[in-house]
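*Asks:* The following file, entry_20.cif, comprises mmCIF, N, CA and C atoms:
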```
data_start
loop_
_atom_site.label_atom_id
_atom_site.label_comp_id
_atom_site.auth_asym_id
_atom_site.auth_seq_id
_atom_site.Cartn_x
_atom_site.Cartn_y
_atom_site.Cartn_z
N MET A 1 90.53 172.79 98.82
CA MET A 1 91.85 172.38 98.42
C MET A 1 91.73 171.09 97.60
N ALA A 2 92.51 171.01 96.55
CA ALA A 2 92.48 169.86 95.65
C ALA A 2 93.22 168.68 96.28
N SER A 3 92.81 167.49 95.89
CA SER A 3 93.51 166.28 96.35
C SER A 3 94.57 165.89 95.33
N ARG A 4 95.47 165.02 95.74
CA ARG A 4 96.53 164.54 94.86
C ARG A 4 95.92 163.85 93.64
N THR A 5 94.90 163.04 93.86
CA THR A 5 94.24 162.31 92.78
C THR A 5 93.61 163.26 91.78
N GLU A 6 92.96 164.31 92.27
CA GLU A 6 92.34 165.29 91.37
C GLU A 6 93.38 165.98 90.52
N VAL A 7 94.48 166.38 91.13
CA VAL A 7 95.54 167.07 90.38
C VAL A 7 96.07 166.17 89.28
N LEU A 8 96.37 164.93 89.61
CA LEU A 8 96.95 164.02 88.62
C LEU A 8 95.98 163.60 87.53
N ARG A 9 94.70 163.63 87.82
CA ARG A 9 93.68 163.27 86.82
C ARG A 9 93.79 164.16 85.58
N TYR A 10 94.12 165.41 85.74
CA TYR A 10 94.17 166.36 84.62
C TYR A 10 95.53 166.44 83.96
N LEU A 11 96.46 165.61 84.40
CA LEU A 11 97.81 165.63 83.82
C LEU A 11 98.18 164.30 83.17
N SER A 12 97.23 163.42 82.98
CA SER A 12 97.53 162.08 82.46
C SER A 12 98.10 162.09 81.04
N ARG A 13 97.80 163.10 80.25
CA ARG A 13 98.28 163.17 78.87
C ARG A 13 99.52 164.05 78.70
N LEU A 14 100.05 164.55 79.79
CA LEU A 14 101.20 165.45 79.73
C LEU A 14 102.48 164.67 79.48
N ASP A 15 103.31 165.19 78.56
CA ASP A 15 104.61 164.60 78.29
C ASP A 15 105.64 165.22 79.22
N TYR A 16 106.41 164.38 79.90
CA TYR A 16 107.45 164.84 80.81
C TYR A 16 108.81 164.63 80.18
N PRO A 17 109.81 165.43 80.55
CA PRO A 17 109.79 166.52 81.52
C PRO A 17 108.95 167.69 81.02
N ALA A 18 108.38 168.41 81.97
CA ALA A 18 107.50 169.53 81.64
C ALA A 18 107.75 170.69 82.60
N ALA A 19 107.72 171.90 82.04
CA ALA A 19 107.85 173.10 82.85
C ALA A 19 106.52 173.41 83.53
N LYS A 20 106.57 174.24 84.54
CA LYS A 20 105.36 174.62 85.27
C LYS A 20 104.28 175.14 84.31
N ASP A 21 104.65 176.00 83.39
CA ASP A 21 103.67 176.56 82.44
C ASP A 21 102.98 175.47 81.63
N ALA A 22 103.74 174.47 81.21
CA ALA A 22 103.15 173.36 80.45
C ALA A 22 102.19 172.55 81.31
N VAL A 23 102.53 172.39 82.57
CA VAL A 23 101.66 171.65 83.50
C VAL A 23 100.33 172.38 83.65
N VAL A 24 100.39 173.68 83.86
CA VAL A 24 99.17 174.48 84.04
C VAL A 24 98.34 174.49 82.76
N ARG A 25 98.99 174.67 81.61
CA ARG A 25 98.26 174.68 80.34
C ARG A 25 97.55 173.36 80.09
N GLN A 26 98.22 172.25 80.39
CA GLN A 26 97.60 170.94 80.18
C GLN A 26 96.37 170.78 81.06
N ALA A 27 96.46 171.20 82.30
CA ALA A 27 95.31 171.10 83.21
C ALA A 27 94.16 171.98 82.71
N GLU A 28 94.47 173.15 82.19
CA GLU A 28 93.43 174.04 81.64
C GLU A 28 92.76 173.38 80.43
N ARG A 29 93.57 172.77 79.54
CA ARG A 29 93.01 172.09 78.37
C ARG A 29 92.10 170.93 78.77
N GLU A 30 92.44 170.27 79.84
CA GLU A 30 91.65 169.11 80.30
C GLU A 30 90.42 169.53 81.10
N GLY A 31 90.25 170.84 81.33
CA GLY A 31 89.07 171.31 82.05
C GLY A 31 89.15 171.18 83.56
N ALA A 32 90.33 171.35 84.11
CA ALA A 32 90.51 171.23 85.56
C ALA A 32 89.71 172.30 86.30
N PRO A 33 89.16 171.95 87.46
CA PRO A 33 88.40 172.92 88.26
C PRO A 33 89.33 173.97 88.89
N PRO A 34 88.76 175.07 89.37
CA PRO A 34 89.57 176.16 89.92
C PRO A 34 90.52 175.76 91.05
N ASP A 35 90.13 174.86 91.93
CA ASP A 35 91.02 174.49 93.03
C ASP A 35 92.25 173.74 92.54
N VAL A 36 92.11 172.94 91.48
CA VAL A 36 93.25 172.23 90.90
C VAL A 36 94.17 173.24 90.20
N LEU A 37 93.58 174.15 89.44
CA LEU A 37 94.39 175.16 88.76
C LEU A 37 95.13 176.04 89.76
N ARG A 38 94.47 176.38 90.86
CA ARG A 38 95.10 177.20 91.90
C ARG A 38 96.32 176.47 92.47
N ALA A 39 96.19 175.18 92.73
CA ALA A 39 97.31 174.40 93.26
C ALA A 39 98.46 174.33 92.26
N LEU A 40 98.14 174.17 90.98
CA LEU A 40 99.19 174.08 89.96
C LEU A 40 99.85 175.42 89.69
N ARG A 41 99.09 176.48 89.75
CA ARG A 41 99.69 177.81 89.54
C ARG A 41 100.63 178.20 90.67
N ALA A 42 100.48 177.58 91.83
CA ALA A 42 101.35 177.84 92.97
C ALA A 42 102.63 177.01 92.94
N LEU A 43 102.80 176.16 91.93
CA LEU A 43 104.01 175.34 91.82
C LEU A 43 105.24 176.21 91.66
N PRO A 44 106.39 175.75 92.17
CA PRO A 44 107.65 176.45 91.88
C PRO A 44 107.95 176.36 90.39
N PRO A 45 108.57 177.39 89.83
CA PRO A 45 108.85 177.42 88.38
C PRO A 45 110.07 176.60 87.98
N VAL A 46 109.92 175.29 88.01
CA VAL A 46 110.99 174.38 87.62
C VAL A 46 110.45 173.37 86.62
N ASP A 47 111.34 172.55 86.07
CA ASP A 47 110.92 171.46 85.20
C ASP A 47 110.62 170.24 86.06
N TYR A 48 109.52 169.56 85.74
CA TYR A 48 109.09 168.39 86.50
C TYR A 48 109.33 167.14 85.67
N ALA A 49 109.99 166.15 86.27
CA ALA A 49 110.35 164.92 85.56
C ALA A 49 109.18 163.98 85.38
N ASN A 50 108.19 164.02 86.31
CA ASN A 50 107.05 163.12 86.22
C ASN A 50 105.91 163.65 87.07
N ASP A 51 104.78 162.95 87.03
CA ASP A 51 103.61 163.43 87.76
C ASP A 51 103.79 163.34 89.28
N ALA A 52 104.64 162.43 89.74
CA ALA A 52 104.90 162.33 91.18
C ALA A 52 105.57 163.60 91.70
N GLU A 53 106.48 164.17 90.91
CA GLU A 53 107.13 165.42 91.31
C GLU A 53 106.12 166.56 91.36
N VAL A 54 105.21 166.59 90.40
CA VAL A 54 104.17 167.62 90.40
C VAL A 54 103.32 167.48 91.66
N ALA A 55 102.90 166.27 91.95
CA ALA A 55 102.04 166.04 93.12
C ALA A 55 102.75 166.41 94.42
N ARG A 56 104.05 166.10 94.52
CA ARG A 56 104.80 166.46 95.72
C ARG A 56 104.93 167.96 95.89
N SER A 57 105.05 168.68 94.78
CA SER A 57 105.25 170.13 94.84
C SER A 57 103.96 170.92 94.95
N ALA A 58 102.86 170.35 94.53
CA ALA A 58 101.58 171.06 94.54
C ALA A 58 101.01 171.11 95.96
N ALA A 59 100.31 172.19 96.24
CA ALA A 59 99.64 172.33 97.53
C ALA A 59 98.34 171.54 97.46
N VAL A 60 98.40 170.28 97.86
CA VAL A 60 97.23 169.41 97.80
C VAL A 60 96.85 168.94 99.19
N ASP A 61 95.61 168.54 99.29
CA ASP A 61 95.10 167.99 100.54
C ASP A 61 95.64 166.57 100.66
N PRO A 62 96.47 166.27 101.66
CA PRO A 62 97.09 164.95 101.75
C PRO A 62 96.11 163.83 102.07
N ALA A 63 95.00 164.15 102.70
CA ALA A 63 94.03 163.11 103.06
C ALA A 63 92.62 163.69 102.97
N PRO A 64 92.07 163.81 101.76
CA PRO A 64 90.76 164.45 101.61
C PRO A 64 89.62 163.66 102.27
N GLU A 65 89.84 162.38 102.53
CA GLU A 65 88.78 161.58 103.14
C GLU A 65 88.68 161.80 104.65
N VAL A 66 89.65 162.51 105.23
CA VAL A 66 89.65 162.78 106.66
C VAL A 66 88.92 164.09 106.91
N GLY A 67 87.93 164.06 107.77
CA GLY A 67 87.13 165.24 108.07
C GLY A 67 87.82 166.17 109.07
N PRO A 68 87.30 167.39 109.24
CA PRO A 68 87.90 168.36 110.15
C PRO A 68 87.98 167.87 111.60
N ALA A 69 86.95 167.19 112.06
CA ALA A 69 86.97 166.70 113.44
C ALA A 69 88.07 165.66 113.65
N GLN A 70 88.22 164.78 112.66
CA GLN A 70 89.26 163.75 112.76
C GLN A 70 90.65 164.38 112.69
N ARG A 71 90.83 165.41 111.86
CA ARG A 71 92.12 166.10 111.78
C ARG A 71 92.47 166.75 113.12
N ALA A 72 91.47 167.36 113.75
CA ALA A 72 91.70 168.00 115.05
C ALA A 72 92.11 166.95 116.08
N GLN A 73 91.45 165.81 116.07
CA GLN A 73 91.81 164.73 117.00
C GLN A 73 93.22 164.24 116.74
N GLN A 74 93.60 164.10 115.48
CA GLN A 74 94.95 163.65 115.14
C GLN A 74 95.99 164.66 115.62
N ALA A 75 95.70 165.94 115.50
CA ALA A 75 96.62 166.97 115.97
C ALA A 75 96.78 166.90 117.49
N ARG A 76 95.68 166.67 118.19
CA ARG A 76 95.76 166.54 119.65
C ARG A 76 96.57 165.30 120.03
N ASP A 77 96.38 164.20 119.32
CA ASP A 77 97.12 162.97 119.61
C ASP A 77 98.61 163.13 119.38
N LYS A 78 99.00 163.91 118.38
CA LYS A 78 100.43 164.11 118.08
C LYS A 78 101.15 164.81 119.22
N ARG A 79 100.42 165.63 119.96
CA ARG A 79 101.05 166.37 121.06
C ARG A 79 101.41 165.47 122.22
N ARG A 80 100.73 164.35 122.35
CA ARG A 80 101.03 163.42 123.44
C ARG A 80 102.35 162.72 123.18
N GLN A 81 103.12 162.56 124.21
CA GLN A 81 104.40 161.88 124.08
C GLN A 81 104.17 160.39 123.89
N ARG A 82 104.74 159.82 122.89
CA ARG A 82 104.64 158.38 122.64
C ARG A 82 105.96 157.74 123.06
N VAL A 83 105.87 156.65 123.79
CA VAL A 83 107.06 155.95 124.25
C VAL A 83 106.94 154.49 123.84
N ALA A 84 107.99 153.97 123.25
CA ALA A 84 108.00 152.58 122.84
C ALA A 84 107.88 151.66 124.07
N GLN A 85 107.27 150.51 123.88
CA GLN A 85 107.03 149.58 124.96
C GLN A 85 108.32 149.22 125.69
N HIS A 86 109.38 148.98 124.96
CA HIS A 86 110.63 148.55 125.62
C HIS A 86 111.28 149.67 126.43
N LEU A 87 110.87 150.92 126.25
CA LEU A 87 111.44 152.03 127.03
C LEU A 87 110.58 152.42 128.22
N ARG A 88 109.41 151.87 128.36
CA ARG A 88 108.50 152.27 129.42
C ARG A 88 109.00 151.91 130.82
N GLY A 89 109.76 150.89 130.94
CA GLY A 89 110.25 150.47 132.25
C GLY A 89 111.51 151.21 132.69
N ILE A 90 112.05 152.01 131.84
CA ILE A 90 113.32 152.70 132.16
C ILE A 90 113.06 153.91 133.02
#
```
Turn this file's structure into structure tokens for me.

*Replies:*
Amino acid sequence: MASRTEVLRYLSRLDYPAAKDAVVRQAEREGAPPDVLRALRALPPVDYANDAEVARSAAVDPAPEVGPAQRAQQARDKRRQRVAQHLRGI
């Protein structure tokens, strides 16, 4: 899966607003790898006002620096109930 940084790297010369097709074509012209193109081809077919909108809509890895073991631990931690300090005595 592509990261947000990788996706945006291939869109730096794109003029906005841009349609999905223009976004994909620009990435192809810039030589984007298959995982970036796959993420961009999965975009909804709308006009994008800027690169932040593209990144939000693209299926990207939100934290590529986090490994599978750390992701599993984070998922387990989310299941635990967290209670604010001021509510613990109630």

*Asks:* In Å to one decimal, how far is CA of Tyr10 (chain A) from atom C of Ala39 (chain A)?

*Replies:*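 One can read the atom C of Ala39 (chain A) to CA of Tyr10 (chain A) distance as 11.8 Å.
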
*Asks:* Mind pulling up the distance from CA of Leu14 (chain A) to CA of Arg29 (chain A)?

*Replies:*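 Spanning CA of Arg29 (chain A) to CA of Leu14 (chain A) is a straight-line distance of 10.6 Å.
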
*Asks:* If we count only C-alpha atoms and set the cut-off at 12 Å, which residues sit around Val7 (chain A), ignoring sequence neighbours fewer than 6 positions away in its own chain? Please answer as a VMD selection string.

*Replies:* chain A and resid 1 23 to 24 26 to 28 30 to 41 43 51 to 62

*Asks:* Residues of the last selection are to be written out with N, CA and C atoms, as a PDB file, keeping the file's coordinate frame.

*Replies:*
```
ATOM      1  N   MET A   1      90.530 172.790  98.820  1.00  0.00           N
ATOM      2  CA  MET A   1      91.850 172.380  98.420  1.00  0.00           C
ATOM      3  C   MET A   1      91.730 171.090  97.600  1.00  0.00           C
ATOM      4  N   VAL A  23     102.530 172.390  82.570  1.00  0.00           N
ATOM      5  CA  VAL A  23     101.660 171.650  83.500  1.00  0.00           C
ATOM      6  C   VAL A  23     100.330 172.380  83.650  1.00  0.00           C
ATOM      7  N   VAL A  24     100.390 173.680  83.860  1.00  0.00           N
ATOM      8  CA  VAL A  24      99.170 174.480  84.040  1.00  0.00           C
ATOM      9  C   VAL A  24      98.340 174.490  82.760  1.00  0.00           C
ATOM     10  N   GLN A  26      98.220 172.250  80.390  1.00  0.00           N
ATOM     11  CA  GLN A  26      97.600 170.940  80.180  1.00  0.00           C
ATOM     12  C   GLN A  26      96.370 170.780  81.060  1.00  0.00           C
ATOM     13  N   ALA A  27      96.460 171.200  82.300  1.00  0.00           N
ATOM     14  CA  ALA A  27      95.310 171.100  83.210  1.00  0.00           C
ATOM     15  C   ALA A  27      94.160 171.980  82.710  1.00  0.00           C
ATOM     16  N   GLU A  28      94.470 173.150  82.190  1.00  0.00           N
ATOM     17  CA  GLU A  28      93.430 174.040  81.640  1.00  0.00           C
ATOM     18  C   GLU A  28      92.760 173.380  80.430  1.00  0.00           C
ATOM     19  N   GLU A  30      92.440 170.270  79.840  1.00  0.00           N
ATOM     20  CA  GLU A  30      91.650 169.110  80.300  1.00  0.00           C
ATOM     21  C   GLU A  30      90.420 169.530  81.100  1.00  0.00           C
ATOM     22  N   GLY A  31      90.250 170.840  81.330  1.00  0.00           N
ATOM     23  CA  GLY A  31      89.070 171.310  82.050  1.00  0.00           C
ATOM     24  C   GLY A  31      89.150 171.180  83.560  1.00  0.00           C
ATOM     25  N   ALA A  32      90.330 171.350  84.110  1.00  0.00           N
ATOM     26  CA  ALA A  32      90.510 171.230  85.560  1.00  0.00           C
ATOM     27  C   ALA A  32      89.710 172.300  86.300  1.00  0.00           C
ATOM     28  N   PRO A  33      89.160 171.950  87.460  1.00  0.00           N
ATOM     29  CA  PRO A  33      88.400 172.920  88.260  1.00  0.00           C
ATOM     30  C   PRO A  33      89.330 173.970  88.890  1.00  0.00           C
ATOM     31  N   PRO A  34      88.760 175.070  89.370  1.00  0.00           N
ATOM     32  CA  PRO A  34      89.570 176.160  89.920  1.00  0.00           C
ATOM     33  C   PRO A  34      90.520 175.760  91.050  1.00  0.00           C
ATOM     34  N   ASP A  35      90.130 174.860  91.930  1.00  0.00           N
ATOM     35  CA  ASP A  35      91.020 174.490  93.030  1.00  0.00           C
ATOM     36  C   ASP A  35      92.250 173.740  92.540  1.00  0.00           C
ATOM     37  N   VAL A  36      92.110 172.940  91.480  1.00  0.00           N
ATOM     38  CA  VAL A  36      93.250 172.230  90.900  1.00  0.00           C
ATOM     39  C   VAL A  36      94.170 173.240  90.200  1.00  0.00           C
ATOM     40  N   LEU A  37      93.580 174.150  89.440  1.00  0.00           N
ATOM     41  CA  LEU A  37      94.390 175.160  88.760  1.00  0.00           C
ATOM     42  C   LEU A  37      95.130 176.040  89.760  1.00  0.00           C
ATOM     43  N   ARG A  38      94.470 176.380  90.860  1.00  0.00           N
ATOM     44  CA  ARG A  38      95.100 177.200  91.900  1.00  0.00           C
ATOM     45  C   ARG A  38      96.320 176.470  92.470  1.00  0.00           C
ATOM     46  N   ALA A  39      96.190 175.180  92.730  1.00  0.00           N
ATOM     47  CA  ALA A  39      97.310 174.400  93.260  1.00  0.00           C
ATOM     48  C   ALA A  39      98.460 174.330  92.260  1.00  0.00           C
ATOM     49  N   LEU A  40      98.140 174.170  90.980  1.00  0.00           N
ATOM     50  CA  LEU A  40      99.190 174.080  89.960  1.00  0.00           C
ATOM     51  C   LEU A  40      99.850 175.420  89.690  1.00  0.00           C
ATOM     52  N   ARG A  41      99.090 176.480  89.750  1.00  0.00           N
ATOM     53  CA  ARG A  41      99.690 177.810  89.540  1.00  0.00           C
ATOM     54  C   ARG A  41     100.630 178.200  90.670  1.00  0.00           C
ATOM     55  N   LEU A  43     102.800 176.160  91.930  1.00  0.00           N
ATOM     56  CA  LEU A  43     104.010 175.340  91.820  1.00  0.00           C
ATOM     57  C   LEU A  43     105.240 176.210  91.660  1.00  0.00           C
ATOM     58  N   ASP A  51     104.780 162.950  87.030  1.00  0.00           N
ATOM     59  CA  ASP A  51     103.610 163.430  87.760  1.00  0.00           C
ATOM     60  C   ASP A  51     103.790 163.340  89.280  1.00  0.00           C
ATOM     61  N   ALA A  52     104.640 162.430  89.740  1.00  0.00           N
ATOM     62  CA  ALA A  52     104.900 162.330  91.180  1.00  0.00           C
ATOM     63  C   ALA A  52     105.570 163.600  91.700  1.00  0.00           C
ATOM     64  N   GLU A  53     106.480 164.170  90.910  1.00  0.00           N
ATOM     65  CA  GLU A  53     107.130 165.420  91.310  1.00  0.00           C
ATOM     66  C   GLU A  53     106.120 166.560  91.360  1.00  0.00           C
ATOM     67  N   VAL A  54     105.210 166.590  90.400  1.00  0.00           N
ATOM     68  CA  VAL A  54     104.170 167.620  90.400  1.00  0.00           C
ATOM     69  C   VAL A  54     103.320 167.480  91.660  1.00  0.00           C
ATOM     70  N   ALA A  55     102.900 166.270  91.950  1.00  0.00           N
ATOM     71  CA  ALA A  55     102.040 166.040  93.120  1.00  0.00           C
ATOM     72  C   ALA A  55     102.750 166.410  94.420  1.00  0.00           C
ATOM     73  N   ARG A  56     104.050 166.100  94.520  1.00  0.00           N
ATOM     74  CA  ARG A  56     104.800 166.460  95.720  1.00  0.00           C
ATOM     75  C   ARG A  56     104.930 167.960  95.890  1.00  0.00           C
ATOM     76  N   SER A  57     105.050 168.680  94.780  1.00  0.00           N
ATOM     77  CA  SER A  57     105.250 170.130  94.840  1.00  0.00           C
ATOM     78  C   SER A  57     103.960 170.920  94.950  1.00  0.00           C
ATOM     79  N   ALA A  58     102.860 170.350  94.530  1.00  0.00           N
ATOM     80  CA  ALA A  58     101.580 171.060  94.540  1.00  0.00           C
ATOM     81  C   ALA A  58     101.010 171.110  95.960  1.00  0.00           C
ATOM     82  N   ALA A  59     100.310 172.190  96.240  1.00  0.00           N
ATOM     83  CA  ALA A  59      99.640 172.330  97.530  1.00  0.00           C
ATOM     84  C   ALA A  59      98.340 171.540  97.460  1.00  0.00           C
ATOM     85  N   VAL A  60      98.400 170.280  97.860  1.00  0.00           N
ATOM     86  CA  VAL A  60      97.230 169.410  97.800  1.00  0.00           C
ATOM     87  C   VAL A  60      96.850 168.940  99.190  1.00  0.00           C
ATOM     88  N   ASP A  61      95.610 168.540  99.290  1.00  0.00           N
ATOM     89  CA  ASP A  61      95.100 167.990 100.540  1.00  0.00           C
ATOM     90  C   ASP A  61      95.640 166.570 100.660  1.00  0.00           C
ATOM     91  N   PRO A  62      96.470 166.270 101.660  1.00  0.00           N
ATOM     92  CA  PRO A  62      97.090 164.950 101.750  1.00  0.00           C
ATOM     93  C   PRO A  62      96.110 163.830 102.070  1.00  0.00           C
TER      94      PRO A  62
END
```

*Asks:* Need the shell around Asp47 (chain A): protein/DNA/RNA residues with any atom at most 6 Å away, counting all atoms listed in the file. Skip same-chain ones fewer than 5 positions apart. Format as a list of chain:residue names?

*Replies:*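 My list of contacting residues is A:Pro17, A:Ala18, A:Ala19, A:Lys20.
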
*Asks:* To one decimal place, how far is CA of Ala49 (chain A) from CA of Asp15 (chain A) in Å?

*Replies:*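 Calculated distance between CA of Ala49 (chain A) and CA of Asp15 (chain A) is 9.3 Å.
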